[in-house]
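structure.cif (mmCIF, N, CA and C atoms)
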data_work
loop_
_atom_site.group_PDB
_atom_site.id
_atom_site.type_symbol
_atom_site.label_atom_id
_atom_site.label_comp_id
_atom_site.auth_asym_id
_atom_site.auth_seq_id
_atom_site.Cartn_x
_atom_site.Cartn_y
_atom_site.Cartn_z
ATOM 1 N N VAL A 1 -21.341 -31.460 4.625
ATOM 2 C CA VAL A 1 -21.082 -30.031 4.539
ATOM 3 C C VAL A 1 -22.380 -29.280 4.301
ATOM 4 N N LYS A 2 -23.158 -29.757 3.363
ATOM 5 C CA LYS A 2 -24.392 -29.042 3.015
ATOM 6 C C LYS A 2 -25.377 -28.987 4.172
ATOM 7 N N GLU A 3 -25.326 -29.956 5.068
ATOM 8 C CA GLU A 3 -26.218 -29.952 6.222
ATOM 9 C C GLU A 3 -25.769 -28.967 7.294
ATOM 10 N N ASN A 4 -24.537 -28.494 7.200
ATOM 11 C CA ASN A 4 -23.986 -27.600 8.227
ATOM 12 C C ASN A 4 -23.569 -26.247 7.679
ATOM 13 N N THR A 5 -24.187 -25.802 6.599
ATOM 14 C CA THR A 5 -23.828 -24.498 6.032
ATOM 15 C C THR A 5 -24.287 -23.372 6.950
ATOM 16 N N ARG A 6 -23.535 -22.299 6.919
ATOM 17 C CA ARG A 6 -23.849 -21.099 7.698
ATOM 18 C C ARG A 6 -23.671 -19.887 6.797
ATOM 19 N N ALA A 7 -24.609 -18.989 6.818
ATOM 20 C CA ALA A 7 -24.530 -17.789 5.975
ATOM 21 C C ALA A 7 -23.289 -16.968 6.294
ATOM 22 N N GLU A 8 -22.877 -16.945 7.547
ATOM 23 C CA GLU A 8 -21.731 -16.128 7.957
ATOM 24 C C GLU A 8 -20.377 -16.785 7.663
ATOM 25 N N ALA A 9 -20.369 -18.021 7.199
ATOM 26 C CA ALA A 9 -19.110 -18.717 6.899
ATOM 27 C C ALA A 9 -18.430 -18.112 5.673
ATOM 28 N N ASP A 10 -17.118 -17.930 5.776
ATOM 29 C CA ASP A 10 -16.329 -17.445 4.634
ATOM 30 C C ASP A 10 -15.955 -18.590 3.707
ATOM 31 N N GLY A 11 -15.952 -19.803 4.232
ATOM 32 C CA GLY A 11 -15.599 -20.996 3.481
ATOM 33 C C GLY A 11 -15.722 -22.191 4.400
ATOM 34 N N TYR A 12 -15.323 -23.356 3.895
ATOM 35 C CA TYR A 12 -15.447 -24.590 4.664
ATOM 36 C C TYR A 12 -14.165 -25.391 4.593
ATOM 37 N N PHE A 13 -13.731 -25.913 5.742
ATOM 38 C CA PHE A 13 -12.545 -26.755 5.828
ATOM 39 C C PHE A 13 -12.980 -28.153 6.220
ATOM 40 N N LEU A 14 -12.608 -29.130 5.426
ATOM 41 C CA LEU A 14 -12.945 -30.524 5.676
ATOM 42 C C LEU A 14 -11.679 -31.229 6.153
ATOM 43 N N SER A 15 -11.631 -31.531 7.427
ATOM 44 C CA SER A 15 -10.429 -32.082 8.019
ATOM 45 C C SER A 15 -10.482 -33.602 8.100
ATOM 46 N N CYS A 16 -9.467 -34.227 7.640
ATOM 47 C CA CYS A 16 -9.240 -35.666 7.764
ATOM 48 C C CYS A 16 -8.550 -36.124 6.485
ATOM 49 N N THR A 17 -7.438 -36.780 6.637
ATOM 50 C CA THR A 17 -6.698 -37.231 5.460
ATOM 51 C C THR A 17 -7.063 -38.648 5.043
ATOM 52 N N ASN A 18 -7.914 -39.299 5.793
ATOM 53 C CA ASN A 18 -8.271 -40.681 5.483
ATOM 54 C C ASN A 18 -9.608 -40.754 4.737
ATOM 55 N N THR A 19 -9.833 -39.794 3.857
ATOM 56 C CA THR A 19 -11.069 -39.765 3.071
ATOM 57 C C THR A 19 -10.752 -39.377 1.634
ATOM 58 N N ARG A 20 -11.750 -39.435 0.796
ATOM 59 C CA ARG A 20 -11.579 -39.034 -0.605
ATOM 60 C C ARG A 20 -12.390 -37.776 -0.903
ATOM 61 N N MET A 21 -12.449 -36.854 0.033
ATOM 62 C CA MET A 21 -13.230 -35.632 -0.133
ATOM 63 C C MET A 21 -12.716 -34.727 -1.237
ATOM 64 N N ILE A 22 -11.449 -34.865 -1.612
ATOM 65 C CA ILE A 22 -10.868 -33.984 -2.623
ATOM 66 C C ILE A 22 -11.676 -34.041 -3.918
ATOM 67 N N GLU A 23 -12.295 -35.177 -4.180
ATOM 68 C CA GLU A 23 -13.097 -35.340 -5.398
ATOM 69 C C GLU A 23 -14.397 -34.548 -5.345
ATOM 70 N N ALA A 24 -14.818 -34.125 -4.164
ATOM 71 C CA ALA A 24 -16.084 -33.403 -4.012
ATOM 72 C C ALA A 24 -15.905 -31.892 -3.930
ATOM 73 N N VAL A 25 -14.666 -31.406 -3.821
ATOM 74 C CA VAL A 25 -14.413 -29.986 -3.588
ATOM 75 C C VAL A 25 -15.031 -29.086 -4.654
ATOM 76 N N ALA A 26 -14.768 -29.336 -5.913
ATOM 77 C CA ALA A 26 -15.268 -28.461 -6.987
ATOM 78 C C ALA A 26 -16.795 -28.409 -6.994
ATOM 79 N N ASP A 27 -17.449 -29.548 -6.827
ATOM 80 C CA ASP A 27 -18.919 -29.565 -6.804
ATOM 81 C C ASP A 27 -19.461 -28.823 -5.589
ATOM 82 N N LEU A 28 -18.837 -29.007 -4.428
ATOM 83 C CA LEU A 28 -19.284 -28.301 -3.229
ATOM 84 C C LEU A 28 -19.110 -26.793 -3.377
ATOM 85 N N GLU A 29 -17.984 -26.376 -3.926
ATOM 86 C CA GLU A 29 -17.761 -24.938 -4.131
ATOM 87 C C GLU A 29 -18.820 -24.358 -5.064
ATOM 88 N N ARG A 30 -19.134 -25.085 -6.098
ATOM 89 C CA ARG A 30 -20.161 -24.615 -7.037
ATOM 90 C C ARG A 30 -21.523 -24.532 -6.337
ATOM 91 N N ASP A 31 -21.897 -25.548 -5.590
ATOM 92 C CA ASP A 31 -23.194 -25.583 -4.926
ATOM 93 C C ASP A 31 -23.304 -24.579 -3.782
ATOM 94 N N LEU A 32 -22.218 -24.365 -3.035
ATOM 95 C CA LEU A 32 -22.250 -23.489 -1.867
ATOM 96 C C LEU A 32 -21.821 -22.061 -2.187
ATOM 97 N N ASP A 33 -21.179 -21.868 -3.319
ATOM 98 C CA ASP A 33 -20.648 -20.567 -3.722
ATOM 99 C C ASP A 33 -19.684 -20.001 -2.680
ATOM 100 N N LYS A 34 -18.883 -20.903 -2.106
ATOM 101 C CA LYS A 34 -17.865 -20.523 -1.120
ATOM 102 C C LYS A 34 -16.681 -21.469 -1.280
ATOM 103 N N PRO A 35 -15.485 -21.033 -0.866
ATOM 104 C CA PRO A 35 -14.319 -21.912 -0.953
ATOM 105 C C PRO A 35 -14.478 -23.132 -0.040
ATOM 106 N N VAL A 36 -14.003 -24.263 -0.516
ATOM 107 C CA VAL A 36 -13.983 -25.498 0.269
ATOM 108 C C VAL A 36 -12.572 -26.051 0.164
ATOM 109 N N ILE A 37 -11.970 -26.322 1.307
ATOM 110 C CA ILE A 37 -10.602 -26.835 1.345
ATOM 111 C C ILE A 37 -10.578 -28.050 2.258
ATOM 112 N N ASN A 38 -9.861 -29.083 1.820
ATOM 113 C CA ASN A 38 -9.693 -30.230 2.702
ATOM 114 C C ASN A 38 -8.213 -30.472 2.965
ATOM 115 N N SER A 39 -7.935 -31.327 3.924
ATOM 116 C CA SER A 39 -6.553 -31.564 4.369
ATOM 117 C C SER A 39 -5.636 -32.022 3.245
ATOM 118 N N ASN A 40 -6.074 -32.993 2.458
ATOM 119 C CA ASN A 40 -5.230 -33.515 1.380
ATOM 120 C C ASN A 40 -4.954 -32.458 0.327
ATOM 121 N N GLN A 41 -5.971 -31.711 -0.032
ATOM 122 C CA GLN A 41 -5.839 -30.654 -1.028
ATOM 123 C C GLN A 41 -4.844 -29.589 -0.538
ATOM 124 N N ALA A 42 -4.954 -29.197 0.716
ATOM 125 C CA ALA A 42 -4.061 -28.179 1.278
ATOM 126 C C ALA A 42 -2.618 -28.682 1.316
ATOM 127 N N THR A 43 -2.436 -29.945 1.613
ATOM 128 C CA THR A 43 -1.088 -30.522 1.640
ATOM 129 C C THR A 43 -0.464 -30.535 0.248
ATOM 130 N N ILE A 44 -1.231 -30.943 -0.743
ATOM 131 C CA ILE A 44 -0.740 -30.948 -2.131
ATOM 132 C C ILE A 44 -0.381 -29.530 -2.559
ATOM 133 N N TRP A 45 -1.254 -28.575 -2.265
ATOM 134 C CA TRP A 45 -1.029 -27.173 -2.629
ATOM 135 C C TRP A 45 0.258 -26.650 -1.986
ATOM 136 N N ALA A 46 0.442 -26.934 -0.688
ATOM 137 C CA ALA A 46 1.628 -26.442 0.025
ATOM 138 C C ALA A 46 2.910 -27.058 -0.537
ATOM 139 N N CYS A 47 2.875 -28.344 -0.852
ATOM 140 C CA CYS A 47 4.058 -29.001 -1.427
ATOM 141 C C CYS A 47 4.419 -28.409 -2.786
ATOM 142 N N LEU A 48 3.423 -28.229 -3.639
ATOM 143 C CA LEU A 48 3.685 -27.645 -4.960
ATOM 144 C C LEU A 48 4.224 -26.229 -4.839
ATOM 145 N N LYS A 49 3.657 -25.455 -3.913
ATOM 146 C CA LYS A 49 4.123 -24.078 -3.719
ATOM 147 C C LYS A 49 5.573 -24.070 -3.240
ATOM 148 N N LYS A 50 5.892 -24.946 -2.301
ATOM 149 C CA LYS A 50 7.256 -25.036 -1.780
ATOM 150 C C LYS A 50 8.249 -25.399 -2.887
ATOM 151 N N LEU A 51 7.819 -26.232 -3.828
ATOM 152 C CA LEU A 51 8.670 -26.642 -4.939
ATOM 153 C C LEU A 51 8.667 -25.634 -6.091
ATOM 154 N N GLY A 52 7.851 -24.587 -5.984
ATOM 155 C CA GLY A 52 7.789 -23.584 -7.027
ATOM 156 C C GLY A 52 7.019 -24.027 -8.252
ATOM 157 N N ILE A 53 6.125 -24.970 -8.070
ATOM 158 C CA ILE A 53 5.342 -25.493 -9.190
ATOM 159 C C ILE A 53 3.963 -24.863 -9.189
ATOM 160 N N ALA A 54 3.658 -24.120 -10.242
ATOM 161 C CA ALA A 54 2.332 -23.522 -10.383
ATOM 162 C C ALA A 54 1.423 -24.556 -11.033
ATOM 163 N N HIS A 55 0.369 -24.901 -10.360
ATOM 164 C CA HIS A 55 -0.545 -25.926 -10.867
ATOM 165 C C HIS A 55 -1.970 -25.407 -10.791
ATOM 166 N N ARG A 56 -2.672 -25.473 -11.893
ATOM 167 C CA ARG A 56 -4.059 -25.040 -11.924
ATOM 168 C C ARG A 56 -4.913 -26.208 -12.409
ATOM 169 N N ASP A 57 -5.914 -26.505 -11.624
ATOM 170 C CA ASP A 57 -6.808 -27.599 -11.986
ATOM 171 C C ASP A 57 -8.166 -27.319 -11.360
ATOM 172 N N LYS A 58 -9.160 -27.024 -12.169
ATOM 173 C CA LYS A 58 -10.492 -26.681 -11.666
ATOM 174 C C LYS A 58 -11.095 -27.792 -10.821
ATOM 175 N N ARG A 59 -10.700 -29.024 -11.089
ATOM 176 C CA ARG A 59 -11.241 -30.147 -10.315
ATOM 177 C C ARG A 59 -10.778 -30.115 -8.868
ATOM 178 N N LEU A 60 -9.709 -29.389 -8.586
ATOM 179 C CA LEU A 60 -9.179 -29.314 -7.220
ATOM 180 C C LEU A 60 -9.681 -28.088 -6.467
ATOM 181 N N GLY A 61 -10.610 -27.363 -7.021
ATOM 182 C CA GLY A 61 -11.225 -26.240 -6.322
ATOM 183 C C GLY A 61 -10.486 -24.927 -6.489
ATOM 184 N N SER A 62 -11.032 -23.908 -5.857
ATOM 185 C CA SER A 62 -10.529 -22.543 -6.030
ATOM 186 C C SER A 62 -9.117 -22.346 -5.482
ATOM 187 N N LEU A 63 -8.678 -23.174 -4.560
ATOM 188 C CA LEU A 63 -7.317 -23.070 -4.041
ATOM 189 C C LEU A 63 -6.294 -23.215 -5.169
ATOM 190 N N PHE A 64 -6.629 -23.972 -6.200
ATOM 191 C CA PHE A 64 -5.712 -24.219 -7.305
ATOM 192 C C PHE A 64 -6.005 -23.345 -8.534
ATOM 193 N N ASN A 65 -6.863 -22.387 -8.412
ATOM 194 C CA ASN A 65 -7.175 -21.491 -9.543
ATOM 195 C C ASN A 65 -6.407 -20.207 -9.442
#

Since I need it in another form, could you write the structure as structure tokens?
Amino acid sequence: VKENTRAEADGYFLSCTNTRMIEAVADLERDLDKPVINSNQATIWACLKKLGIAHRDKRLGSLFN
């Protein structure tokens, strides 16, 4: 991600569910000062929202704040 940053980017999407990128989201957001979302994180967020469960965890990035 850091090798492909763009000033005009509003955020970054990391696509692929066969990785452990979710563990890097909070650090990347801090370093890039932009939202970072990956497939697994988005799936967890959507499931919790559908179930009406409010979940906040800084380790999961700004999507969960």

Pick from A:Leu60, A:Thr19, A:Leu32, A:Ala26 nearest to A:Asn4, counting only C-alpha atoms: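 Among the listed residues, the smallest separation from A:Asn4 belongs to A:Leu32.
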
Long-range neighbours of A:Asn40 as a list in words, 8 Å cut-off, only N, CA and C atoms, 4 positions minimum in chain: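 What passes the distance filter is Leu14, Ser15, Cys16, Thr17, Asn18, Thr19, Met21, Ile22, Ile44, Trp45 and Ala46 of chain A.
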
Counting all atoms listed in the file, the option among A:Lys2, A:Gly52, A:Ala42, A:Asp10 closest to A:Leu28: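 So, comparing all the options, the nearest one is A:Lys2.
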
Atom-to-atom span, atom CA of A:Glu29 and atom CA of A:Cys47, Å: 22.4 Å

Residues matched by the PyMOL selection byres (((chain A and resi 13 and name CA) around 6) and name CA) as an MDAnalysis selection string: chainID A and resid 12 14 36:38

Test item, strand (DSSP E or B) assignment across chain A, answer as a list in words: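 Restricting chain A to strand (DSSP E or B) produces Tyr12, Phe13, Leu14, Val36, Ile37 and Asn38 of chain A.
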
Any chance you could model N, CA, C and O atoms for stretch 50-64 of chain A and send them as an mmCIF file, in the frame of the given file?
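Okay, this is what ended up in result.cif:
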data_model
loop_
_atom_site.group_PDB
_atom_site.id
_atom_site.type_symbol
_atom_site.label_atom_id
_atom_site.label_comp_id
_atom_site.auth_asym_id
_atom_site.auth_seq_id
_atom_site.Cartn_x
_atom_site.Cartn_y
_atom_site.Cartn_z
ATOM 1 N N LYS A 50 5.892 -24.946 -2.301
ATOM 2 C CA LYS A 50 7.256 -25.036 -1.780
ATOM 3 C C LYS A 50 8.249 -25.399 -2.887
ATOM 4 O O LYS A 50 9.382 -24.929 -2.904
ATOM 5 N N LEU A 51 7.819 -26.232 -3.828
ATOM 6 C CA LEU A 51 8.670 -26.642 -4.939
ATOM 7 C C LEU A 51 8.667 -25.634 -6.091
ATOM 8 O O LEU A 51 9.378 -25.812 -7.077
ATOM 9 N N GLY A 52 7.851 -24.587 -5.984
ATOM 10 C CA GLY A 52 7.789 -23.584 -7.027
ATOM 11 C C GLY A 52 7.019 -24.027 -8.252
ATOM 12 O O GLY A 52 7.244 -23.522 -9.349
ATOM 13 N N ILE A 53 6.125 -24.970 -8.070
ATOM 14 C CA ILE A 53 5.342 -25.493 -9.190
ATOM 15 C C ILE A 53 3.963 -24.863 -9.189
ATOM 16 O O ILE A 53 3.192 -25.014 -8.237
ATOM 17 N N ALA A 54 3.658 -24.120 -10.242
ATOM 18 C CA ALA A 54 2.332 -23.522 -10.383
ATOM 19 C C ALA A 54 1.423 -24.556 -11.033
ATOM 20 O O ALA A 54 1.716 -25.058 -12.117
ATOM 21 N N HIS A 55 0.369 -24.901 -10.360
ATOM 22 C CA HIS A 55 -0.545 -25.926 -10.867
ATOM 23 C C HIS A 55 -1.970 -25.407 -10.791
ATOM 24 O O HIS A 55 -2.402 -24.927 -9.757
ATOM 25 N N ARG A 56 -2.672 -25.473 -11.893
ATOM 26 C CA ARG A 56 -4.059 -25.040 -11.924
ATOM 27 C C ARG A 56 -4.913 -26.208 -12.409
ATOM 28 O O ARG A 56 -4.637 -26.801 -13.436
ATOM 29 N N ASP A 57 -5.914 -26.505 -11.624
ATOM 30 C CA ASP A 57 -6.808 -27.599 -11.986
ATOM 31 C C ASP A 57 -8.166 -27.319 -11.360
ATOM 32 O O ASP A 57 -8.309 -27.347 -10.133
ATOM 33 N N LYS A 58 -9.160 -27.024 -12.169
ATOM 34 C CA LYS A 58 -10.492 -26.681 -11.666
ATOM 35 C C LYS A 58 -11.095 -27.792 -10.821
ATOM 36 O O LYS A 58 -11.896 -27.539 -9.949
ATOM 37 N N ARG A 59 -10.700 -29.024 -11.089
ATOM 38 C CA ARG A 59 -11.241 -30.147 -10.315
ATOM 39 C C ARG A 59 -10.778 -30.115 -8.868
ATOM 40 O O ARG A 59 -11.392 -30.750 -8.011
ATOM 41 N N LEU A 60 -9.709 -29.389 -8.586
ATOM 42 C CA LEU A 60 -9.179 -29.314 -7.220
ATOM 43 C C LEU A 60 -9.681 -28.088 -6.467
ATOM 44 O O LEU A 60 -9.216 -27.806 -5.363
ATOM 45 N N GLY A 61 -10.610 -27.363 -7.021
ATOM 46 C CA GLY A 61 -11.225 -26.240 -6.322
ATOM 47 C C GLY A 61 -10.486 -24.927 -6.489
ATOM 48 O O GLY A 61 -9.459 -24.830 -7.154
ATOM 49 N N SER A 62 -11.032 -23.908 -5.857
ATOM 50 C CA SER A 62 -10.529 -22.543 -6.030
ATOM 51 C C SER A 62 -9.117 -22.346 -5.482
ATOM 52 O O SER A 62 -8.423 -21.432 -5.895
ATOM 53 N N LEU A 63 -8.678 -23.174 -4.560
ATOM 54 C CA LEU A 63 -7.317 -23.070 -4.041
ATOM 55 C C LEU A 63 -6.294 -23.215 -5.169
ATOM 56 O O LEU A 63 -5.239 -22.604 -5.145
ATOM 57 N N PHE A 64 -6.629 -23.972 -6.200
ATOM 58 C CA PHE A 64 -5.712 -24.219 -7.305
ATOM 59 C C PHE A 64 -6.005 -23.345 -8.534
ATOM 60 O O PHE A 64 -5.439 -23.570 -9.590
#
